[in-house]
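*Asks:* Here you go, model32.csv (CSV, C-alpha atoms and all ligand atoms):
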chain,number,residue,atom,x,y,z
A,1,MET,CA,0.0,0.0,0.0
A,2,SER,CA,1.2,3.5,-0.8
A,3,SER,CA,-1.1,6.3,0.5
A,4,LEU,CA,-1.2,10.0,0.2
A,5,TYR,CA,-3.3,12.6,2.1
A,6,ILE,CA,-3.8,16.1,0.7
A,7,HIS,CA,-5.3,18.7,3.0
A,8,ILE,CA,-7.5,21.4,1.6
A,9,PRO,CA,-8.1,23.7,4.6
A,10,PHE,CA,-10.8,26.0,3.3
A,11,CYS,CA,-14.5,26.1,4.5
A,12,GLN,CA,-17.5,28.3,3.8
A,13,SER,CA,-17.9,29.0,7.6
A,14,LYS,CA,-16.7,27.5,10.8
A,15,CYS,CA,-19.0,24.9,12.4
A,16,GLY,CA,-19.5,25.4,16.2
A,17,TYR,CA,-17.9,22.0,17.1
A,18,CYS,CA,-15.0,22.1,14.7
A,19,SER,CA,-11.4,21.8,15.8
A,20,PHE,CA,-9.9,20.8,12.4
A,21,SER,CA,-7.5,23.0,10.5
A,22,SER,CA,-10.2,24.8,8.5
A,23,TRP,CA,-10.3,28.4,7.4
A,24,PRO,CA,-13.3,30.3,6.1
A,25,GLY,CA,-13.0,33.5,4.1
A,26,LEU,CA,-9.8,32.7,2.2
A,27,GLU,CA,-11.3,32.4,-1.3
A,28,SER,CA,-8.8,34.9,-2.7
A,29,VAL,CA,-5.9,32.5,-2.0
A,30,HIS,CA,-7.3,29.2,-3.3
A,31,ALA,CA,-5.4,29.5,-6.6
A,32,SER,CA,-2.1,30.2,-4.9
A,33,TYR,CA,-2.7,27.4,-2.4
A,34,VAL,CA,-3.2,24.9,-5.2
A,35,GLU,CA,0.1,26.1,-6.7
A,36,ALA,CA,1.9,25.6,-3.4
A,37,VAL,CA,0.5,22.1,-2.8
A,38,HIS,CA,1.5,21.3,-6.4
A,39,ARG,CA,5.0,22.4,-5.6
A,40,GLU,CA,5.1,20.4,-2.4
A,41,LEU,CA,3.9,17.3,-4.2
A,42,THR,CA,6.5,17.6,-6.9
A,43,GLU,CA,9.3,18.1,-4.4
A,44,THR,CA,8.1,15.2,-2.2
A,45,ALA,CA,8.0,12.9,-5.2
A,46,LYS,CA,11.7,13.6,-6.0
A,47,GLN,CA,12.7,11.8,-2.7
A,48,TYR,CA,10.0,9.1,-3.0
A,49,SER,CA,11.1,5.6,-3.9
A,50,GLY,CA,7.9,3.7,-3.2
A,51,GLY,CA,5.5,2.2,-5.8
A,52,PRO,CA,2.5,3.9,-7.4
A,53,LEU,CA,-0.1,5.2,-5.0
A,54,THR,CA,-2.9,2.9,-4.1
A,55,THR,CA,-5.0,5.3,-2.1
A,56,LEU,CA,-5.3,9.1,-2.2
A,57,PHE,CA,-7.5,11.2,0.1
A,58,PHE,CA,-8.4,14.8,-0.4
A,59,GLY,CA,-9.6,15.9,3.0
A,60,GLY,CA,-10.3,19.1,4.8
A,61,GLY,CA,-11.7,21.6,5.5
A,62,THR,CA,-13.9,21.3,2.5
A,63,PRO,CA,-12.0,20.2,-0.6
A,64,THR,CA,-15.0,21.0,-2.8
A,65,MET,CA,-14.4,24.7,-2.0
A,66,LEU,CA,-11.9,24.4,-4.8
A,67,SER,CA,-13.0,24.2,-8.4
A,68,SER,CA,-13.0,20.8,-10.2
A,69,ARG,CA,-10.3,22.2,-12.5
A,70,GLN,CA,-8.1,22.9,-9.4
A,71,LEU,CA,-8.8,19.5,-7.8
A,72,ILE,CA,-8.0,17.7,-11.1
A,73,ARG,CA,-4.8,19.7,-11.4
A,74,LEU,CA,-3.7,18.3,-8.0
A,75,LEU,CA,-4.8,14.7,-8.9
A,76,ASN,CA,-2.9,14.9,-12.2
A,77,CYS,CA,0.2,16.1,-10.4
A,78,CYS,CA,0.0,13.0,-8.2
A,79,VAL,CA,-0.4,10.8,-11.3
A,80,ASP,CA,2.6,12.4,-13.0
A,81,SER,CA,4.8,12.6,-9.8
A,82,PHE,CA,4.2,9.4,-8.0
A,83,GLY,CA,2.1,7.2,-10.3
A,84,VAL,CA,-1.3,6.1,-9.3
A,85,GLU,CA,-2.5,2.4,-9.6
A,86,ARG,CA,-5.3,1.8,-12.1
A,87,ASP,CA,-7.7,0.6,-9.4
A,88,ALA,CA,-6.6,3.2,-6.7
A,89,GLU,CA,-9.1,4.5,-4.3
A,90,VAL,CA,-9.2,8.2,-4.8
A,91,SER,CA,-11.4,9.8,-2.1
A,92,ILE,CA,-12.6,13.3,-1.7
A,93,GLU,CA,-14.5,14.9,1.1
A,94,ALA,CA,-17.4,17.1,0.0
A,95,ASN,CA,-20.0,19.3,1.7
A,96,PRO,CA,-23.5,19.6,0.5
A,97,GLY,CA,-24.0,23.2,-0.5
A,98,THR,CA,-20.6,23.3,-2.3
A,99,ILE,CA,-21.1,20.3,-4.5
A,100,GLU,CA,-23.5,21.8,-7.0
A,101,ARG,CA,-21.0,24.3,-8.3
A,102,ILE,CA,-18.5,21.5,-9.0
A,103,GLN,CA,-18.2,19.6,-12.3
A,104,LEU,CA,-18.8,16.2,-10.9
A,105,ASP,CA,-18.6,14.5,-14.3
A,106,ASP,CA,-15.1,15.9,-14.7
A,107,LEU,CA,-14.0,14.7,-11.3
A,108,LYS,CA,-15.2,11.3,-12.1
A,109,LYS,CA,-13.5,11.2,-15.5
A,110,ALA,CA,-10.3,12.4,-13.9
A,111,GLY,CA,-10.1,9.4,-11.6
A,112,PHE,CA,-11.8,10.4,-8.3
A,113,SER,CA,-13.6,7.2,-7.3
A,114,ARG,CA,-15.0,7.8,-3.8
A,115,VAL,CA,-16.9,10.8,-2.3
A,116,SER,CA,-17.4,11.2,1.4
A,117,VAL,CA,-20.3,13.6,2.0
A,118,GLY,CA,-20.3,15.6,5.2
A,119,VAL,CA,-24.1,15.4,5.9
A,120,GLN,CA,-23.9,15.3,9.7
A,121,SER,CA,-27.7,15.3,10.0
A,122,PHE,CA,-30.8,15.4,7.8
A,123,LEU,CA,-32.8,17.3,10.4
A,124,ALA,CA,-33.0,21.1,10.2
A,125,GLU,CA,-32.8,21.6,14.0
A,126,ASP,CA,-29.5,19.6,14.2
A,127,LEU,CA,-27.9,21.4,11.2
A,128,LYS,CA,-28.8,24.7,12.9
A,129,ALA,CA,-27.4,23.6,16.2
A,130,LEU,CA,-24.1,22.4,14.6
A,131,GLY,CA,-23.8,25.6,12.6
A,132,ARG,CA,-23.7,23.8,9.3
A,133,CYS,CA,-24.0,25.9,6.2
A,134,HIS,CA,-26.3,23.6,4.2
A,135,THR,CA,-29.8,22.2,4.3
A,136,SER,CA,-31.1,18.6,4.4
A,137,SER,CA,-32.5,18.9,0.9
A,138,GLU,CA,-29.1,20.1,-0.4
A,139,ALA,CA,-27.6,16.9,1.1
A,140,VAL,CA,-30.1,14.7,-0.7
A,141,SER,CA,-29.5,16.6,-4.0
A,142,ALA,CA,-25.8,16.2,-3.6
A,143,ILE,CA,-26.1,12.4,-3.4
A,144,THR,CA,-28.5,12.4,-6.4
A,145,ASP,CA,-26.0,14.5,-8.4
A,146,LEU,CA,-23.1,12.2,-7.4
A,147,ARG,CA,-25.1,9.2,-8.5
A,148,ALA,CA,-26.0,10.9,-11.8
A,149,ALA,CA,-22.3,11.6,-12.4
A,150,GLY,CA,-21.6,7.9,-12.0
A,151,PHE,CA,-20.1,7.7,-8.5
A,152,GLU,CA,-20.5,4.2,-7.2
A,153,ASN,CA,-18.7,4.6,-3.9
A,154,ILE,CA,-20.4,7.2,-1.7
A,155,SER,CA,-19.9,7.6,2.0
A,156,LEU,CA,-22.1,9.7,4.3
A,157,ASP,CA,-20.8,11.3,7.5
A,158,LEU,CA,-23.3,11.6,10.3
A,159,MET,CA,-23.0,12.9,13.9
A,160,TYR,CA,-24.9,11.8,17.0
A,161,GLY,CA,-25.0,12.8,20.6
A,162,LEU,CA,-26.0,16.3,19.5
A,163,PRO,CA,-27.6,19.0,21.7
A,164,ASN,CA,-31.3,18.2,22.3
A,165,GLN,CA,-31.1,15.0,20.2
A,166,THR,CA,-33.2,12.1,21.3
A,167,VAL,CA,-33.0,8.4,20.3
A,168,GLU,CA,-36.1,8.9,18.3
A,169,SER,CA,-34.8,11.9,16.3
A,170,TRP,CA,-31.5,10.1,15.8
A,171,CYS,CA,-33.3,7.0,14.4
A,172,ARG,CA,-35.3,9.2,11.9
A,173,ASN,CA,-32.0,10.6,10.8
A,174,LEU,CA,-30.3,7.3,10.4
A,175,GLU,CA,-33.3,6.0,8.4
A,176,LYS,CA,-33.0,8.9,6.0
A,177,ALA,CA,-29.3,8.0,5.5
A,178,ILE,CA,-30.0,4.3,4.9
A,179,ALA,CA,-32.8,5.1,2.5
A,180,LEU,CA,-30.3,6.9,0.2
A,181,ASP,CA,-28.4,3.6,0.0
A,182,PRO,CA,-24.8,4.8,0.4
A,183,GLU,CA,-22.0,2.2,0.2
A,184,HIS,CA,-20.4,3.5,3.4
A,185,ILE,CA,-21.6,5.3,6.5
A,186,SER,CA,-19.4,7.0,9.2
A,187,MET,CA,-21.1,7.9,12.5
A,188,TYR,CA,-19.2,10.0,14.9
A,189,GLN,CA,-20.3,10.9,18.4
A,190,LEU,CA,-20.0,14.6,19.1
A,191,THR,CA,-17.1,15.5,21.3
A,192,ILE,CA,-16.5,18.9,22.8
A,193,GLU,CA,-13.0,20.1,21.8
A,194,ASP,CA,-11.1,22.9,23.5
A,195,GLY,CA,-11.1,26.2,21.7
A,196,THR,CA,-14.4,25.6,19.8
A,197,ALA,CA,-17.6,27.6,20.1
A,198,PHE,CA,-19.2,24.5,21.6
A,199,ALA,CA,-16.6,24.4,24.3
A,200,GLY,CA,-17.6,28.0,25.3
A,201,LEU,CA,-21.3,27.1,25.3
A,202,ALA,CA,-20.7,24.0,27.3
A,203,GLU,CA,-18.7,26.0,29.9
A,204,ARG,CA,-21.7,28.3,30.3
A,205,GLY,CA,-24.0,25.4,30.6
A,206,MET,CA,-25.8,26.2,27.4
A,207,LEU,CA,-25.4,22.8,25.6
A,208,ASP,CA,-28.1,20.3,26.5
A,209,LEU,CA,-26.3,17.1,25.5
A,210,PRO,CA,-27.8,13.6,25.7
A,211,SER,CA,-27.1,11.4,28.7
A,212,GLU,CA,-24.7,8.5,28.7
A,213,GLU,CA,-27.6,6.1,28.6
A,214,THR,CA,-29.1,7.9,25.6
A,215,ILE,CA,-25.7,7.6,23.8
A,216,ILE,CA,-25.5,3.9,24.6
A,217,ALA,CA,-29.1,3.5,23.2
A,218,MET,CA,-28.0,5.3,20.0
A,219,ASP,CA,-24.9,3.1,19.7
A,220,GLU,CA,-27.1,0.1,19.9
A,221,VAL,CA,-29.4,1.5,17.2
A,222,ASN,CA,-26.4,2.1,15.0
A,223,LEU,CA,-25.3,-1.4,15.2
A,224,SER,CA,-28.6,-3.1,14.8
A,225,ARG,CA,-30.0,-0.9,12.1
A,226,THR,CA,-26.9,-0.8,9.9
A,227,GLY,CA,-26.6,-4.6,10.3
A,228,SER,CA,-30.1,-5.2,9.1
A,229,ALA,CA,-29.5,-2.9,6.2
A,230,GLY,CA,-26.5,-4.9,5.0
A,231,TYR,CA,-23.6,-2.8,6.4
A,232,ASP,CA,-20.7,-4.4,8.3
A,233,TRP,CA,-19.5,-2.6,11.4
A,234,TYR,CA,-15.7,-2.7,10.7
A,235,GLU,CA,-14.3,0.1,12.8
A,236,ILE,CA,-15.6,2.0,15.9
A,237,SER,CA,-17.3,4.7,13.8
A,238,ASN,CA,-17.5,3.1,10.4
A,239,TYR,CA,-19.9,0.8,8.5
A,240,ALA,CA,-19.6,-0.5,5.0
A,241,LYS,CA,-21.4,-2.6,2.4
A,242,PRO,CA,-19.3,-5.6,1.4
A,243,GLY,CA,-16.2,-4.5,-0.6
A,244,PHE,CA,-16.6,-0.8,0.4
A,245,ARG,CA,-14.4,-0.4,3.4
A,246,CYS,CA,-12.3,2.8,3.1
A,247,ARG,CA,-8.9,1.5,2.0
A,248,HIS,CA,-7.2,4.8,2.8
A,249,ASN,CA,-8.4,4.8,6.4
A,250,LEU,CA,-7.6,1.2,6.8
A,251,ALA,CA,-4.0,2.2,6.1
A,252,TYR,CA,-4.2,4.5,9.1
A,253,TRP,CA,-5.8,1.9,11.3
A,254,HIS,CA,-3.1,-0.6,10.3
A,255,ASN,CA,-0.6,2.1,11.2
A,256,GLU,CA,1.0,1.9,7.8
A,257,GLU,CA,3.1,4.7,6.4
A,258,TYR,CA,1.6,7.5,4.3
A,259,LEU,CA,2.6,10.6,2.5
A,260,ALA,CA,0.9,14.0,3.0
A,261,ALA,CA,0.8,17.5,1.5
A,262,GLY,CA,-0.9,20.7,2.4
A,263,ALA,CA,-1.3,23.0,5.4
A,264,GLY,CA,-1.7,21.1,8.7
A,265,ALA,CA,-1.2,17.7,7.0
A,266,VAL,CA,0.6,15.0,8.8
A,267,SER,CA,2.7,12.3,7.2
A,268,TYR,CA,4.3,9.1,8.6
A,269,LEU,CA,7.3,7.8,6.8
A,270,GLY,CA,10.3,5.8,8.0
A,271,GLY,CA,9.0,5.8,11.5
A,272,VAL,CA,8.9,9.6,11.5
A,273,ARG,CA,5.7,11.6,11.9
A,274,GLU,CA,5.8,15.1,10.5
A,275,ARG,CA,3.2,17.9,10.9
A,276,ARG,CA,3.1,20.9,8.5
A,277,VAL,CA,2.2,24.4,9.6
A,278,ASP,CA,-1.5,24.9,10.0
A,279,ASP,CA,-2.0,28.4,8.7
A,280,PRO,CA,-2.5,28.1,4.9
A,281,VAL,CA,-1.1,31.6,4.2
A,282,GLU,CA,2.1,30.8,6.2
A,283,TYR,CA,2.3,27.4,4.5
A,284,MET,CA,2.2,29.1,1.0
A,285,ALA,CA,4.8,31.7,2.0
A,286,ARG,CA,7.1,29.0,3.2
A,287,ILE,CA,6.7,26.9,0.1
A,288,MET,CA,7.2,29.9,-2.2
A,289,ALA,CA,10.3,30.9,-0.3
A,290,GLY,CA,11.7,27.4,-0.5
A,291,ASN,CA,11.5,27.0,3.3
A,292,LYS,CA,10.4,23.9,5.2
A,293,THR,CA,6.7,23.6,6.1
A,294,VAL,CA,7.2,20.9,8.7
A,295,ILE,CA,6.9,22.4,12.3
A,296,GLU,CA,6.8,19.2,14.3
A,297,ARG,CA,8.9,16.0,13.8
A,298,GLU,CA,8.5,13.0,16.0
A,299,HIS,CA,10.6,9.9,15.6
A,300,LEU,CA,8.6,7.0,17.0
A,301,ALA,CA,10.5,4.6,19.2
A,302,GLN,CA,9.9,0.9,18.6
A,303,ASP,CA,7.8,0.6,21.7
A,304,ASP,CA,5.6,3.6,20.8
A,305,ALA,CA,5.1,2.4,17.2
A,306,PHE,CA,4.1,-1.0,18.5
A,307,LYS,CA,1.6,0.5,21.0
A,308,GLU,CA,0.1,2.8,18.4
A,309,THR,CA,-0.3,-0.2,16.0
A,310,VAL,CA,-2.1,-2.2,18.6
A,311,ILE,CA,-4.4,0.6,19.7
A,312,MET,CA,-5.2,1.7,16.1
A,313,GLY,CA,-5.7,-1.9,15.1
A,314,LEU,CA,-8.1,-2.6,18.0
A,315,ARG,CA,-10.4,0.1,16.6
A,316,LEU,CA,-11.2,-2.5,13.9
A,317,THR,CA,-13.7,-5.1,14.7
A,318,GLU,CA,-11.4,-7.8,13.3
A,319,GLY,CA,-8.7,-6.6,15.7
A,320,VAL,CA,-4.9,-6.9,15.3
A,321,LYS,CA,-3.2,-9.8,13.6
A,322,LEU,CA,-0.7,-11.3,16.1
A,323,GLU,CA,1.6,-12.7,13.3
A,324,GLN,CA,1.9,-9.3,11.7
A,325,LEU,CA,2.8,-7.6,15.0
A,326,GLN,CA,5.5,-10.3,15.5
A,327,ALA,CA,6.8,-9.9,12.0
A,328,ARG,CA,6.9,-6.1,12.2
A,329,PHE,CA,8.1,-5.5,15.8
A,330,GLY,CA,9.2,-8.8,17.1
A,331,MET,CA,6.7,-8.2,20.0
A,332,ASP,CA,3.5,-9.6,21.3
A,333,PRO,CA,0.7,-7.7,23.1
A,334,PHE,CA,0.3,-10.3,25.9
A,335,SER,CA,3.9,-9.9,27.1
A,336,TYR,CA,3.9,-6.2,26.5
A,337,TYR,CA,0.7,-5.3,28.4
A,338,GLY,CA,0.9,-8.1,31.0
A,339,THR,CA,-1.8,-7.8,33.7
A,340,THR,CA,-3.5,-4.8,32.1
A,341,LEU,CA,-4.5,-6.9,29.1
A,342,LYS,CA,-5.1,-10.0,31.2
A,343,LYS,CA,-7.7,-8.1,33.2
A,344,LEU,CA,-9.5,-6.9,30.1
A,345,LEU,CA,-9.5,-10.5,28.7
A,346,ASP,CA,-10.7,-12.0,32.0
A,347,ALA,CA,-13.5,-9.4,32.2
A,348,GLY,CA,-14.6,-10.4,28.7
A,349,PHE,CA,-14.1,-7.0,27.2
A,350,MET,CA,-11.4,-8.4,24.9
A,351,GLU,CA,-10.8,-11.8,23.3
A,352,SER,CA,-8.0,-13.5,21.5
A,353,SER,CA,-7.7,-16.4,19.1
A,354,ASP,CA,-4.5,-18.1,17.6
A,355,THR,CA,-4.4,-15.3,15.0
A,356,HIS,CA,-6.0,-12.2,16.4
A,357,LEU,CA,-6.6,-10.0,19.5
A,358,ARG,CA,-9.7,-7.9,19.4
A,359,VAL,CA,-12.3,-6.0,21.5
A,360,SER,CA,-15.1,-8.5,22.2
A,361,GLU,CA,-18.8,-7.9,21.4
A,362,LYS,CA,-19.3,-7.2,25.1
A,363,GLY,CA,-16.6,-4.5,25.0
A,364,ARG,CA,-17.4,-2.9,21.7
A,365,LEU,CA,-19.7,-0.2,23.0
A,366,LEU,CA,-17.0,0.7,25.5
A,367,SER,CA,-14.2,0.6,23.0
A,368,ASN,CA,-12.8,4.1,23.7
A,369,ALA,CA,-12.6,3.4,27.4
A,370,ILE,CA,-11.0,0.0,26.8
A,371,LEU,CA,-8.4,1.4,24.4
A,372,SER,CA,-7.5,4.2,26.8
A,373,GLU,CA,-6.3,1.4,29.2
A,374,LEU,CA,-3.7,0.4,26.6
A,375,VAL,CA,-2.3,3.8,25.8
B,401,LIG,S1,-17.2,21.9,7.3
B,401,LIG,FE1,-16.0,20.4,8.4
B,401,LIG,S2,-13.9,21.2,8.4
B,401,LIG,FE2,-15.3,22.9,7.8
B,401,LIG,S3,-15.7,24.0,9.7
B,401,LIG,FE3,-17.4,22.5,9.4
B,401,LIG,S4,-16.7,20.7,10.5
B,401,LIG,FE4,-14.9,22.0,10.3
Can the structure in the file be given as structure tokens, please?

*Replies:*
Amino acid sequence: MSSLYIHIPFCQSKCGYCSFSSWPGLESVHASYVEAVHRELTETAKQYSGGPLTTLFFGGGTPTMLSSRQLIRLLNCCVDSFGVERDAEVSIEANPGTIERIQLDDLKKAGFSRVSVGVQSFLAEDLKALGRCHTSSEAVSAITDLRAAGFENISLDLMYGLPNQTVESWCRNLEKAIALDPEHISMYQLTIEDGTAFAGLAERGMLDLPSEETIIAMDEVNLSRTGSAGYDWYEISNYAKPGFRCRHNLAYWHNEEYLAAGAGAVSYLGGVRERRVDDPVEYMARIMAGNKTVIEREHLAQDDAFKETVIMGLRLTEGVKLEQLQARFGMDPFSYYGTTLKKLLDAGFMESSDTHLRVSEKGRLLSNAILSELV
């Protein structure tokens, strides 16, 4: 596997819960940003000795804030600089409300194969609470337009655990998503991140969030309803029809290496994780001046890389392959974690076979708490 992530940090407006590297109001620099990323990709490729890319992911921000011409220019740069496998998974994140001005046919013809649509909710009250800049009907039209353009691999992002949300309103939402028959659904529980508008509201007691019991009931609905609709639960927050697991994200969960380009983007190569400067204007200035954009460089020690691989892998329902851990690190999780892991196994929250270690069915709805024991 050879994977590349490209970060497009622009958005129409800032959602109240968002802590991503995303910048509204920078339309005037889109063209220069594309040139800067183009330059970074070309430079990175000069030192790259791996095979053609098997997965690419244009994430954000909102990549569909760029024009189709600009997006295709970046994709073509990847094809020319690194090579891209014929059956590569080329994903792009898109927001309803920005899709209609994009030439979707052109994107499809250029080689984009998978679109992840940030719907978050089909209910007007949720969209308003989240500060999203689109309507439910725009989300439905976006999916219709993507199908008309020939996209056969569509993922929907939804959020639950929202202010004032009930199990009943979440169920209505999920039903709408399933009725659109996407190949993949991601469902993320809202978390309140420092520095966001939601953090300020929560501090002032102005966010009425669902109780823990309500969240557990929503998790149970997610599992049973997606299961009966033909989706496999393959990662804590991700569900896919057979053959449609996100190959790019699987590379992250397997803790494989990946290239990256763009402001705020993180790469992981040769055991070194590098983070680029967040501010797109500073990123562009550094690129154009021929300066480094990397502001953080972390060399992962063997132990840390092993631990990360175990924890990331346990996010997957299939768990981690013991033979692969042994081949890659010469280590096994039973000796490494000792009594901590034994307690989780004895309590039935985790289980092991000759080949795998995984979170058990009993432990799945508590995955985050279980994984935090192994950090
Ligand atoms: S659209 Fe996504 S990246 Fe942009 S502000 Fe909203 S949550 Fe953040």

*Asks:* Which one is closest to A:Leu180: A:Val29, A:Met206, A:Ile215, A:Val140? Count all atoms listed in the file.

*Replies:*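 Distance minimum relative to A:Leu180 lands on A:Val140.
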
*Asks:* When you count only C-alpha atoms and all ligand atoms, which of these residues is closest to ligand LIG 401 (chain B): A:Gln47, A:Gln120, A:Ser2, A:Asn291?

*Replies:* A:Gln120

*Asks:* Check which residues of chain A sit at most 9 Å from ligand LIG 401 (chain B) using all atoms listed in the file, and return one row each with the closest pair of atoms and their distance in Å to one decimal, ordered by chain and rising number, as CSV.

*Replies:*
residue,atom,partner,partner_atom,distance
A:Pro9,CA,B:LIG401,S2,7.4
A:Phe10,CA,B:LIG401,FE2,7.1
A:Cys11,CA,B:LIG401,FE2,4.7
A:Gln12,CA,B:LIG401,FE2,7.1
A:Ser13,CA,B:LIG401,S3,5.9
A:Lys14,CA,B:LIG401,S3,3.8
A:Cys15,CA,B:LIG401,FE3,4.2
A:Gly16,CA,B:LIG401,S3,7.7
A:Tyr17,CA,B:LIG401,S4,6.8
A:Cys18,CA,B:LIG401,FE4,4.4
A:Ser19,CA,B:LIG401,FE4,6.5
A:Phe20,CA,B:LIG401,FE4,5.6
A:Ser21,CA,B:LIG401,S2,7.0
A:Ser22,CA,B:LIG401,S2,5.2
A:Trp23,CA,B:LIG401,S3,7.3
A:Pro24,CA,B:LIG401,S3,7.6
A:Gly59,CA,B:LIG401,S2,8.7
A:Gly60,CA,B:LIG401,S2,5.5
A:Gly61,CA,B:LIG401,S2,3.7
A:Thr62,CA,B:LIG401,FE2,5.7
A:Ala94,CA,B:LIG401,S1,8.7
A:Asn95,CA,B:LIG401,S1,6.8
A:Gly118,CA,B:LIG401,FE1,7.2
A:Leu130,CA,B:LIG401,FE3,8.5
A:Gly131,CA,B:LIG401,FE3,7.8
A:Arg132,CA,B:LIG401,FE3,6.4
A:Cys133,CA,B:LIG401,S1,8.0

*Asks:* Return the single residue from A:Thr64, A:Val266, A:Thr196, A:Ala45 that is closest to A:Asp80, with distances computed using all atoms listed in the file.

*Replies:*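 Counting all atoms listed in the file, the residue closest to A:Asp80 is A:Ala45.
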
*Asks:* Measuring atom to atom with all atoms listed in the file, identify which of A:Val84, A:Leu250, A:Val281, A:Ile216 is nearest to A:His30.

*Replies:*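 Under the stated criterion, the closest residue is A:Val281.
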
*Asks:* What's the separation between atom CA of A:Glu93 and atom CA of A:Asn238, in Å to one decimal place?

*Replies:* 15.3 Å

*Asks:* For each of A:Glu235, A:Asp346, A:Gly338, A:Ala240, take the minimum atom-to-atom distance to A:Leu314, counting only C-alpha atoms, then give the residue where this is smallest.

*Replies:*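 The closest residue to A:Leu314 is A:Glu235.
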
*Asks:* Do a neighbour search on A:Phe57 at 12 Å with all atoms listed in the file, toss out local chain neighbours closer than 4 positions, and write the hits as a PyMOL selection string.

*Replies:* chain A and resi 2-8+53+63+71+74-75+78+88-94+112-116+246-249+251-252+258-262+265

*Asks:* Between atom CA of A:Asp304 and atom CA of A:Thr55, what is the spacing in Å?

*Replies:*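 One can read the atom CA of A:Thr55 to atom CA of A:Asp304 distance as 25.3 Å.
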
*Asks:* Atom CA of A:Tyr33 and atom CA of A:Leu66, how far apart in Å?

*Replies:*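 Atom CA of A:Tyr33 lies at a distance of 10.0 Å from atom CA of A:Leu66.
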
*Asks:* My list of candidates is A:Trp253, A:Phe122, A:Tyr234, A:Tyr160. Which is closest to A:Thr191 when distances are computed with all atoms listed in the file?

*Replies:*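 For A:Thr191, the nearest of the given residues is A:Tyr160.
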
*Asks:* Could stretch 301-312 of chain A be completed with N, CA, C and O atoms and returned as an mmCIF file, in the frame of the given file?

*Replies:*
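The resulting file, selection-v5.cif, is reproduced below:
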data_model
loop_
_atom_site.group_PDB
_atom_site.id
_atom_site.type_symbol
_atom_site.label_atom_id
_atom_site.label_comp_id
_atom_site.auth_asym_id
_atom_site.auth_seq_id
_atom_site.Cartn_x
_atom_site.Cartn_y
_atom_site.Cartn_z
ATOM 1 N N ALA A 301 9.730 5.757 18.725
ATOM 2 C CA ALA A 301 10.500 4.600 19.200
ATOM 3 C C ALA A 301 9.770 3.342 18.905
ATOM 4 O O ALA A 301 8.543 3.366 18.747
ATOM 5 N N GLN A 302 10.506 2.234 18.863
ATOM 6 C CA GLN A 302 9.900 0.900 18.600
ATOM 7 C C GLN A 302 8.687 0.635 19.445
ATOM 8 O O GLN A 302 7.630 0.234 18.967
ATOM 9 N N ASP A 303 8.850 0.894 20.752
ATOM 10 C CA ASP A 303 7.800 0.600 21.700
ATOM 11 C C ASP A 303 6.524 1.451 21.376
ATOM 12 O O ASP A 303 5.393 0.957 21.418
ATOM 13 N N ASP A 304 6.737 2.740 21.072
ATOM 14 C CA ASP A 304 5.600 3.600 20.800
ATOM 15 C C ASP A 304 4.912 3.215 19.487
ATOM 16 O O ASP A 304 3.679 3.229 19.408
ATOM 17 N N ALA A 305 5.709 2.848 18.487
ATOM 18 C CA ALA A 305 5.100 2.400 17.200
ATOM 19 C C ALA A 305 4.303 1.148 17.406
ATOM 20 O O ALA A 305 3.212 0.992 16.850
ATOM 21 N N PHE A 306 4.830 0.241 18.243
ATOM 22 C CA PHE A 306 4.100 -1.000 18.500
ATOM 23 C C PHE A 306 2.769 -0.699 19.213
ATOM 24 O O PHE A 306 1.715 -1.193 18.813
ATOM 25 N N LYS A 307 2.847 0.158 20.244
ATOM 26 C CA LYS A 307 1.600 0.500 21.000
ATOM 27 C C LYS A 307 0.587 1.150 20.113
ATOM 28 O O LYS A 307 -0.579 0.824 20.154
ATOM 29 N N GLU A 308 1.053 2.081 19.294
ATOM 30 C CA GLU A 308 0.100 2.800 18.400
ATOM 31 C C GLU A 308 -0.533 1.766 17.427
ATOM 32 O O GLU A 308 -1.715 1.856 17.124
ATOM 33 N N THR A 309 0.279 0.818 16.940
ATOM 34 C CA THR A 309 -0.300 -0.200 16.000
ATOM 35 C C THR A 309 -1.319 -1.029 16.652
ATOM 36 O O THR A 309 -2.358 -1.324 16.057
ATOM 37 N N VAL A 310 -1.080 -1.390 17.913
ATOM 38 C CA VAL A 310 -2.100 -2.200 18.600
ATOM 39 C C VAL A 310 -3.348 -1.389 18.849
ATOM 40 O O VAL A 310 -4.457 -1.854 18.546
ATOM 41 N N ILE A 311 -3.190 -0.159 19.315
ATOM 42 C CA ILE A 311 -4.400 0.600 19.700
ATOM 43 C C ILE A 311 -5.197 0.991 18.419
ATOM 44 O O ILE A 311 -6.421 0.864 18.408
ATOM 45 N N MET A 312 -4.498 1.394 17.361
ATOM 46 C CA MET A 312 -5.200 1.700 16.100
ATOM 47 C C MET A 312 -5.897 0.454 15.581
ATOM 48 O O MET A 312 -7.047 0.495 15.132
#
